[in-house]
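Just work_18.txt here, compact mmCIF, N, CA and C atoms:
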```
# COMPACT_ATOMS: atom_id res chain seq x y z
N MET O 1 124.67 90.19 55.06
CA MET O 1 123.95 89.78 56.25
C MET O 1 123.01 88.62 55.90
N LEU O 2 122.77 87.78 56.87
CA LEU O 2 121.91 86.60 56.69
C LEU O 2 120.45 87.04 56.53
N GLU O 3 119.83 86.60 55.44
CA GLU O 3 118.41 86.88 55.23
C GLU O 3 117.59 85.83 55.96
N ILE O 4 116.71 86.26 56.85
CA ILE O 4 115.89 85.34 57.63
C ILE O 4 114.43 85.62 57.34
N SER O 5 113.73 84.58 56.88
CA SER O 5 112.30 84.69 56.64
C SER O 5 111.59 84.44 57.97
N LYS O 6 110.77 85.40 58.40
CA LYS O 6 110.12 85.31 59.71
C LYS O 6 108.60 85.30 59.57
N ASN O 7 107.96 84.56 60.45
CA ASN O 7 106.51 84.59 60.60
C ASN O 7 106.22 85.03 62.03
N TYR O 8 105.48 86.11 62.16
CA TYR O 8 105.16 86.62 63.49
C TYR O 8 103.91 85.93 64.03
N VAL O 9 103.95 85.60 65.30
CA VAL O 9 102.81 85.00 65.99
C VAL O 9 102.19 86.11 66.84
N MET O 10 100.89 86.30 66.67
CA MET O 10 100.18 87.38 67.37
C MET O 10 99.26 86.83 68.44
N ASP O 11 99.04 87.62 69.48
CA ASP O 11 98.06 87.23 70.50
C ASP O 11 96.68 87.70 70.07
N GLU O 12 95.70 87.51 70.97
CA GLU O 12 94.32 87.89 70.62
C GLU O 12 94.14 89.39 70.41
N ASN O 13 95.09 90.19 70.89
CA ASN O 13 95.04 91.65 70.69
C ASN O 13 95.91 92.10 69.52
N GLN O 14 96.31 91.12 68.71
CA GLN O 14 97.16 91.38 67.54
C GLN O 14 98.51 91.99 67.91
N GLN O 15 99.01 91.64 69.09
CA GLN O 15 100.34 92.05 69.52
C GLN O 15 101.32 90.90 69.23
N PRO O 16 102.46 91.20 68.64
CA PRO O 16 103.42 90.14 68.36
C PRO O 16 103.97 89.55 69.67
N ILE O 17 103.95 88.21 69.75
CA ILE O 17 104.43 87.54 70.96
C ILE O 17 105.54 86.53 70.67
N ALA O 18 105.74 86.19 69.41
CA ALA O 18 106.76 85.22 69.05
C ALA O 18 107.08 85.33 67.57
N VAL O 19 108.17 84.69 67.19
CA VAL O 19 108.58 84.65 65.79
C VAL O 19 108.90 83.21 65.43
N GLN O 20 108.46 82.77 64.28
CA GLN O 20 108.80 81.45 63.76
C GLN O 20 109.79 81.63 62.62
N ILE O 21 110.82 80.76 62.62
CA ILE O 21 111.77 80.75 61.51
C ILE O 21 111.93 79.30 61.06
N SER O 22 112.43 79.13 59.86
CA SER O 22 112.62 77.78 59.33
C SER O 22 113.76 77.09 60.07
N ILE O 23 113.75 75.77 60.03
CA ILE O 23 114.83 74.97 60.63
C ILE O 23 116.16 75.34 59.97
N ALA O 24 116.17 75.53 58.67
CA ALA O 24 117.40 75.87 57.95
C ALA O 24 117.98 77.19 58.46
N ASP O 25 117.11 78.19 58.64
CA ASP O 25 117.58 79.48 59.17
C ASP O 25 118.07 79.32 60.61
N PHE O 26 117.35 78.56 61.40
CA PHE O 26 117.77 78.31 62.79
C PHE O 26 119.14 77.67 62.83
N GLU O 27 119.37 76.67 61.98
CA GLU O 27 120.66 75.97 61.95
C GLU O 27 121.79 76.91 61.50
N LYS O 28 121.49 77.83 60.57
CA LYS O 28 122.49 78.81 60.16
C LYS O 28 122.85 79.73 61.33
N ILE O 29 121.83 80.19 62.05
CA ILE O 29 122.06 81.05 63.21
C ILE O 29 122.88 80.32 64.26
N GLU O 30 122.52 79.06 64.51
CA GLU O 30 123.26 78.24 65.48
C GLU O 30 124.73 78.12 65.09
N GLU O 31 124.99 77.86 63.81
CA GLU O 31 126.36 77.72 63.33
C GLU O 31 127.14 79.02 63.50
N ILE O 32 126.50 80.14 63.18
CA ILE O 32 127.15 81.45 63.34
C ILE O 32 127.50 81.69 64.80
N LEU O 33 126.58 81.40 65.71
CA LEU O 33 126.84 81.60 67.13
C LEU O 33 127.94 80.69 67.65
N GLU O 34 127.93 79.44 67.21
CA GLU O 34 128.99 78.50 67.63
C GLU O 34 130.35 78.96 67.12
N ASN O 35 130.42 79.41 65.88
CA ASN O 35 131.68 79.89 65.31
C ASN O 35 132.16 81.13 66.05
N TYR O 36 131.24 82.03 66.36
CA TYR O 36 131.60 83.24 67.10
C TYR O 36 132.16 82.87 68.48
N GLY O 37 131.48 81.95 69.16
CA GLY O 37 131.94 81.51 70.47
C GLY O 37 133.30 80.85 70.40
N LEU O 38 133.53 80.06 69.37
CA LEU O 38 134.83 79.40 69.20
C LEU O 38 135.93 80.42 68.98
N VAL O 39 135.67 81.42 68.15
CA VAL O 39 136.67 82.47 67.90
C VAL O 39 136.97 83.23 69.19
N LYS O 40 135.93 83.56 69.97
CA LYS O 40 136.15 84.26 71.24
C LYS O 40 136.99 83.41 72.18
N LEU O 41 136.70 82.12 72.27
CA LEU O 41 137.46 81.23 73.13
C LEU O 41 138.91 81.14 72.66
N MET O 42 139.11 81.05 71.36
CA MET O 42 140.47 80.98 70.83
C MET O 42 141.24 82.26 71.15
N ASP O 43 140.57 83.41 71.06
CA ASP O 43 141.21 84.68 71.40
C ASP O 43 141.61 84.71 72.88
N GLU O 44 140.72 84.22 73.76
CA GLU O 44 141.00 84.21 75.19
C GLU O 44 142.18 83.30 75.52
N LEU O 45 142.31 82.20 74.78
CA LEU O 45 143.33 81.20 75.08
C LEU O 45 144.62 81.40 74.29
N GLU O 46 144.68 82.46 73.52
CA GLU O 46 145.81 82.67 72.62
C GLU O 46 147.15 82.65 73.33
N ASN O 47 147.23 83.19 74.53
CA ASN O 47 148.50 83.27 75.25
C ASN O 47 148.69 82.14 76.25
N ASP O 48 147.76 81.20 76.30
CA ASP O 48 147.89 80.07 77.22
C ASP O 48 148.96 79.10 76.74
N GLU O 49 149.40 78.28 77.66
CA GLU O 49 150.41 77.27 77.35
C GLU O 49 149.88 76.32 76.29
N ARG O 50 150.74 75.96 75.35
CA ARG O 50 150.37 75.02 74.29
C ARG O 50 150.93 73.65 74.62
N LEU O 51 150.14 72.64 74.30
CA LEU O 51 150.56 71.26 74.56
C LEU O 51 151.18 70.65 73.31
N THR O 52 152.10 69.72 73.52
CA THR O 52 152.59 68.94 72.39
C THR O 52 151.50 67.97 71.99
N LYS O 53 151.67 67.32 70.87
CA LYS O 53 150.68 66.33 70.42
C LYS O 53 150.52 65.23 71.45
N GLU O 54 151.62 64.75 71.99
CA GLU O 54 151.57 63.67 72.99
C GLU O 54 150.87 64.14 74.26
N GLU O 55 151.20 65.36 74.70
CA GLU O 55 150.56 65.90 75.91
C GLU O 55 149.06 66.07 75.69
N ALA O 56 148.69 66.55 74.50
CA ALA O 56 147.27 66.76 74.19
C ALA O 56 146.53 65.43 74.17
N LEU O 57 147.11 64.39 73.57
CA LEU O 57 146.47 63.08 73.53
C LEU O 57 146.31 62.51 74.94
N LYS O 58 147.35 62.66 75.77
CA LYS O 58 147.29 62.17 77.14
C LYS O 58 146.19 62.90 77.92
N TYR O 59 146.13 64.23 77.75
CA TYR O 59 145.10 65.02 78.42
C TYR O 59 143.70 64.60 77.95
N TYR O 60 143.54 64.44 76.63
CA TYR O 60 142.26 64.02 76.06
C TYR O 60 141.82 62.67 76.63
N GLN O 61 142.75 61.72 76.72
CA GLN O 61 142.42 60.40 77.26
C GLN O 61 141.98 60.50 78.72
N SER O 62 142.63 61.36 79.51
CA SER O 62 142.25 61.50 80.92
C SER O 62 140.87 62.12 81.05
N VAL O 63 140.57 63.10 80.22
CA VAL O 63 139.25 63.73 80.25
C VAL O 63 138.18 62.74 79.79
N LYS O 64 138.49 61.98 78.77
CA LYS O 64 137.56 60.99 78.22
C LYS O 64 137.23 59.93 79.29
N LYS O 65 138.25 59.46 80.02
CA LYS O 65 138.02 58.47 81.07
C LYS O 65 137.13 59.03 82.16
N LYS O 66 137.35 60.28 82.55
CA LYS O 66 136.53 60.92 83.60
C LYS O 66 135.07 61.01 83.15
N ASN O 67 134.84 61.40 81.89
CA ASN O 67 133.48 61.57 81.39
C ASN O 67 132.76 60.24 81.21
N VAL O 68 133.48 59.20 80.86
CA VAL O 68 132.87 57.87 80.70
C VAL O 68 132.52 57.29 82.05
N ALA O 69 133.34 57.54 83.05
CA ALA O 69 133.11 57.00 84.39
C ALA O 69 131.94 57.68 85.09
N SER O 70 131.62 58.92 84.70
CA SER O 70 130.56 59.67 85.38
C SER O 70 129.19 59.11 85.17
```
What would you get if you wrote out this structure as structure tokens?
Amino acid sequence: MLEISKNYVMDENQQPIAVQISIADFEKIEEILENYGLVKLMDELENDERLTKEEALKYYQSVKKKNVAS
């Protein structure tokens, strides 16, 4: 399991209200979440139609044009 060094932020009543973590730990957590999301998406799309390389490039170009025009 990922070891995370935490600093607790307390309010005036010494109740914990937040946690601080290092940028490095945050980036590790972000990467783990992105990888998990990618795996879930791949699982969901496993039975979807697959495109050929040419079809994928054509689709990518059409999406790219739409996003640039926006």
Using DSSP on the backbone coordinates, identify all residues within chain O classified as helix (DSSP H, G or I); present the result as a VMD selection string. chain O and resid 23 to 44 53 to 69
Using N, CA and C atoms, can you write the selected residues to a file as a tab-separated table (two decimals), in the frame of the given file?
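result_10.tsv, written as the output of this step:
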```
chain	number	residue	atom	x	y	z
O	23	ILE	N	113.75	75.77	60.03
O	23	ILE	CA	114.83	74.97	60.63
O	23	ILE	C	116.16	75.34	59.97
O	24	ALA	N	116.17	75.53	58.67
O	24	ALA	CA	117.40	75.87	57.95
O	24	ALA	C	117.98	77.19	58.46
O	25	ASP	N	117.11	78.19	58.64
O	25	ASP	CA	117.58	79.48	59.17
O	25	ASP	C	118.07	79.32	60.61
O	26	PHE	N	117.35	78.56	61.40
O	26	PHE	CA	117.77	78.31	62.79
O	26	PHE	C	119.14	77.67	62.83
O	27	GLU	N	119.37	76.67	61.98
O	27	GLU	CA	120.66	75.97	61.95
O	27	GLU	C	121.79	76.91	61.50
O	28	LYS	N	121.49	77.83	60.57
O	28	LYS	CA	122.49	78.81	60.16
O	28	LYS	C	122.85	79.73	61.33
O	29	ILE	N	121.83	80.19	62.05
O	29	ILE	CA	122.06	81.05	63.21
O	29	ILE	C	122.88	80.32	64.26
O	30	GLU	N	122.52	79.06	64.51
O	30	GLU	CA	123.26	78.24	65.48
O	30	GLU	C	124.73	78.12	65.09
O	31	GLU	N	124.99	77.86	63.81
O	31	GLU	CA	126.36	77.72	63.33
O	31	GLU	C	127.14	79.02	63.50
O	32	ILE	N	126.50	80.14	63.18
O	32	ILE	CA	127.15	81.45	63.34
O	32	ILE	C	127.50	81.69	64.80
O	33	LEU	N	126.58	81.40	65.71
O	33	LEU	CA	126.84	81.60	67.13
O	33	LEU	C	127.94	80.69	67.65
O	34	GLU	N	127.93	79.44	67.21
O	34	GLU	CA	128.99	78.50	67.63
O	34	GLU	C	130.35	78.96	67.12
O	35	ASN	N	130.42	79.41	65.88
O	35	ASN	CA	131.68	79.89	65.31
O	35	ASN	C	132.16	81.13	66.05
O	36	TYR	N	131.24	82.03	66.36
O	36	TYR	CA	131.60	83.24	67.10
O	36	TYR	C	132.16	82.87	68.48
O	37	GLY	N	131.48	81.95	69.16
O	37	GLY	CA	131.94	81.51	70.47
O	37	GLY	C	133.30	80.85	70.40
O	38	LEU	N	133.53	80.06	69.37
O	38	LEU	CA	134.83	79.40	69.20
O	38	LEU	C	135.93	80.42	68.98
O	39	VAL	N	135.67	81.42	68.15
O	39	VAL	CA	136.67	82.47	67.90
O	39	VAL	C	136.97	83.23	69.19
O	40	LYS	N	135.93	83.56	69.97
O	40	LYS	CA	136.15	84.26	71.24
O	40	LYS	C	136.99	83.41	72.18
O	41	LEU	N	136.70	82.12	72.27
O	41	LEU	CA	137.46	81.23	73.13
O	41	LEU	C	138.91	81.14	72.66
O	42	MET	N	139.11	81.05	71.36
O	42	MET	CA	140.47	80.98	70.83
O	42	MET	C	141.24	82.26	71.15
O	43	ASP	N	140.57	83.41	71.06
O	43	ASP	CA	141.21	84.68	71.40
O	43	ASP	C	141.61	84.71	72.88
O	44	GLU	N	140.72	84.22	73.76
O	44	GLU	CA	141.00	84.21	75.19
O	44	GLU	C	142.18	83.30	75.52
O	53	LYS	N	151.67	67.32	70.87
O	53	LYS	CA	150.68	66.33	70.42
O	53	LYS	C	150.52	65.23	71.45
O	54	GLU	N	151.62	64.75	71.99
O	54	GLU	CA	151.57	63.67	72.99
O	54	GLU	C	150.87	64.14	74.26
O	55	GLU	N	151.20	65.36	74.70
O	55	GLU	CA	150.56	65.90	75.91
O	55	GLU	C	149.06	66.07	75.69
O	56	ALA	N	148.69	66.55	74.50
O	56	ALA	CA	147.27	66.76	74.19
O	56	ALA	C	146.53	65.43	74.17
O	57	LEU	N	147.11	64.39	73.57
O	57	LEU	CA	146.47	63.08	73.53
O	57	LEU	C	146.31	62.51	74.94
O	58	LYS	N	147.35	62.66	75.77
O	58	LYS	CA	147.29	62.17	77.14
O	58	LYS	C	146.19	62.90	77.92
O	59	TYR	N	146.13	64.23	77.75
O	59	TYR	CA	145.10	65.02	78.42
O	59	TYR	C	143.70	64.60	77.95
O	60	TYR	N	143.54	64.44	76.63
O	60	TYR	CA	142.26	64.02	76.06
O	60	TYR	C	141.82	62.67	76.63
O	61	GLN	N	142.75	61.72	76.72
O	61	GLN	CA	142.42	60.40	77.26
O	61	GLN	C	141.98	60.50	78.72
O	62	SER	N	142.63	61.36	79.51
O	62	SER	CA	142.25	61.50	80.92
O	62	SER	C	140.87	62.12	81.05
O	63	VAL	N	140.57	63.10	80.22
O	63	VAL	CA	139.25	63.73	80.25
O	63	VAL	C	138.18	62.74	79.79
O	64	LYS	N	138.49	61.98	78.77
O	64	LYS	CA	137.56	60.99	78.22
O	64	LYS	C	137.23	59.93	79.29
O	65	LYS	N	138.25	59.46	80.02
O	65	LYS	CA	138.02	58.47	81.07
O	65	LYS	C	137.13	59.03	82.16
O	66	LYS	N	137.35	60.28	82.55
O	66	LYS	CA	136.53	60.92	83.60
O	66	LYS	C	135.07	61.01	83.15
O	67	ASN	N	134.84	61.40	81.89
O	67	ASN	CA	133.48	61.57	81.39
O	67	ASN	C	132.76	60.24	81.21
O	68	VAL	N	133.48	59.20	80.86
O	68	VAL	CA	132.87	57.87	80.70
O	68	VAL	C	132.52	57.29	82.05
O	69	ALA	N	133.34	57.54	83.05
O	69	ALA	CA	133.11	57.00	84.39
O	69	ALA	C	131.94	57.68	85.09
```
Axis-aligned box for stretch 8-25 of chain O, 5 Å per side, centre and edges in Å as JSON:
```
{"center_x": 106.1, "center_y": 83.5, "center_z": 64.5, "size_x": 33.9, "size_y": 27.1, "size_z": 23.0}
```
In Å, rounded to a single decimal, give me how far atom C of O:Glu49 is from atom C of O:Lys64.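 Interatomic distance, atom C of O:Lys64 to atom C of O:Glu49: 20.9 Å.
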Restricting to only N, CA and C atoms, whichever of O:Val39, O:Leu51, O:Ile4, O:Val63 is closest to O:Asp25 is O:Ile4
Atomic separation - atom CA of O:Leu33 relative to atom CA of O:Leu2, Å: 12.6 Å
In stretch 18-62 of chain O, DSSP strand (DSSP E or B) residues written as a ChimeraX atom specification: /O:18-21
Report, in Å with one decimal, the straight-line distance from atom CA of O:Leu41 to atom C of O:Lys66. 22.7 Å
Do you know which residues are at most 8 Å from O:Tyr8 counting all atoms listed in the file, after dropping those on the same chain fewer than 4 positions away, and could you put them as number ranges by chain? O: 15-21
Where atoms are missing, can you supply N, CA, C and O atoms for stretch 42-59 of chain O and output the lot as an mmCIF file, keeping the file's coordinate frame?
```cif
data_model
loop_
_atom_site.group_PDB
_atom_site.id
_atom_site.type_symbol
_atom_site.label_atom_id
_atom_site.label_comp_id
_atom_site.auth_asym_id
_atom_site.auth_seq_id
_atom_site.Cartn_x
_atom_site.Cartn_y
_atom_site.Cartn_z
ATOM 1 N N MET O 42 139.110 81.050 71.360
ATOM 2 C CA MET O 42 140.470 80.980 70.830
ATOM 3 C C MET O 42 141.240 82.260 71.150
ATOM 4 O O MET O 42 142.418 82.216 71.497
ATOM 5 N N ASP O 43 140.570 83.410 71.060
ATOM 6 C CA ASP O 43 141.210 84.680 71.400
ATOM 7 C C ASP O 43 141.610 84.710 72.880
ATOM 8 O O ASP O 43 142.693 85.176 73.229
ATOM 9 N N GLU O 44 140.720 84.220 73.760
ATOM 10 C CA GLU O 44 141.000 84.210 75.190
ATOM 11 C C GLU O 44 142.180 83.300 75.520
ATOM 12 O O GLU O 44 142.941 83.565 76.438
ATOM 13 N N LEU O 45 142.310 82.200 74.780
ATOM 14 C CA LEU O 45 143.330 81.200 75.080
ATOM 15 C C LEU O 45 144.620 81.400 74.290
ATOM 16 O O LEU O 45 145.540 80.608 74.414
ATOM 17 N N GLU O 46 144.680 82.460 73.520
ATOM 18 C CA GLU O 46 145.810 82.670 72.620
ATOM 19 C C GLU O 46 147.150 82.650 73.330
ATOM 20 O O GLU O 46 148.133 82.103 72.818
ATOM 21 N N ASN O 47 147.230 83.190 74.530
ATOM 22 C CA ASN O 47 148.500 83.270 75.250
ATOM 23 C C ASN O 47 148.690 82.140 76.250
ATOM 24 O O ASN O 47 149.679 82.120 76.974
ATOM 25 N N ASP O 48 147.760 81.200 76.300
ATOM 26 C CA ASP O 48 147.890 80.070 77.220
ATOM 27 C C ASP O 48 148.960 79.100 76.740
ATOM 28 O O ASP O 48 149.357 79.099 75.576
ATOM 29 N N GLU O 49 149.400 78.280 77.660
ATOM 30 C CA GLU O 49 150.410 77.270 77.350
ATOM 31 C C GLU O 49 149.880 76.320 76.290
ATOM 32 O O GLU O 49 148.737 75.888 76.328
ATOM 33 N N ARG O 50 150.740 75.960 75.350
ATOM 34 C CA ARG O 50 150.370 75.020 74.290
ATOM 35 C C ARG O 50 150.930 73.650 74.620
ATOM 36 O O ARG O 50 152.021 73.524 75.132
ATOM 37 N N LEU O 51 150.140 72.640 74.300
ATOM 38 C CA LEU O 51 150.560 71.260 74.560
ATOM 39 C C LEU O 51 151.180 70.650 73.310
ATOM 40 O O LEU O 51 150.785 70.988 72.187
ATOM 41 N N THR O 52 152.100 69.720 73.520
ATOM 42 C CA THR O 52 152.590 68.940 72.390
ATOM 43 C C THR O 52 151.500 67.970 71.990
ATOM 44 O O THR O 52 150.507 67.775 72.720
ATOM 45 N N LYS O 53 151.670 67.320 70.870
ATOM 46 C CA LYS O 53 150.680 66.330 70.420
ATOM 47 C C LYS O 53 150.520 65.230 71.450
ATOM 48 O O LYS O 53 149.391 64.839 71.784
ATOM 49 N N GLU O 54 151.620 64.750 71.990
ATOM 50 C CA GLU O 54 151.570 63.670 72.990
ATOM 51 C C GLU O 54 150.870 64.140 74.260
ATOM 52 O O GLU O 54 150.068 63.411 74.846
ATOM 53 N N GLU O 55 151.200 65.360 74.700
ATOM 54 C CA GLU O 55 150.560 65.900 75.910
ATOM 55 C C GLU O 55 149.060 66.070 75.690
ATOM 56 O O GLU O 55 148.259 65.777 76.576
ATOM 57 N N ALA O 56 148.690 66.550 74.500
ATOM 58 C CA ALA O 56 147.270 66.760 74.190
ATOM 59 C C ALA O 56 146.530 65.430 74.170
ATOM 60 O O ALA O 56 145.413 65.318 74.699
ATOM 61 N N LEU O 57 147.110 64.390 73.570
ATOM 62 C CA LEU O 57 146.470 63.080 73.530
ATOM 63 C C LEU O 57 146.310 62.510 74.940
ATOM 64 O O LEU O 57 145.265 61.944 75.278
ATOM 65 N N LYS O 58 147.350 62.660 75.770
ATOM 66 C CA LYS O 58 147.290 62.170 77.140
ATOM 67 C C LYS O 58 146.190 62.900 77.920
ATOM 68 O O LYS O 58 145.405 62.288 78.632
ATOM 69 N N TYR O 59 146.130 64.230 77.750
ATOM 70 C CA TYR O 59 145.100 65.020 78.420
ATOM 71 C C TYR O 59 143.700 64.600 77.950
ATOM 72 O O TYR O 59 142.789 64.409 78.745
#
```
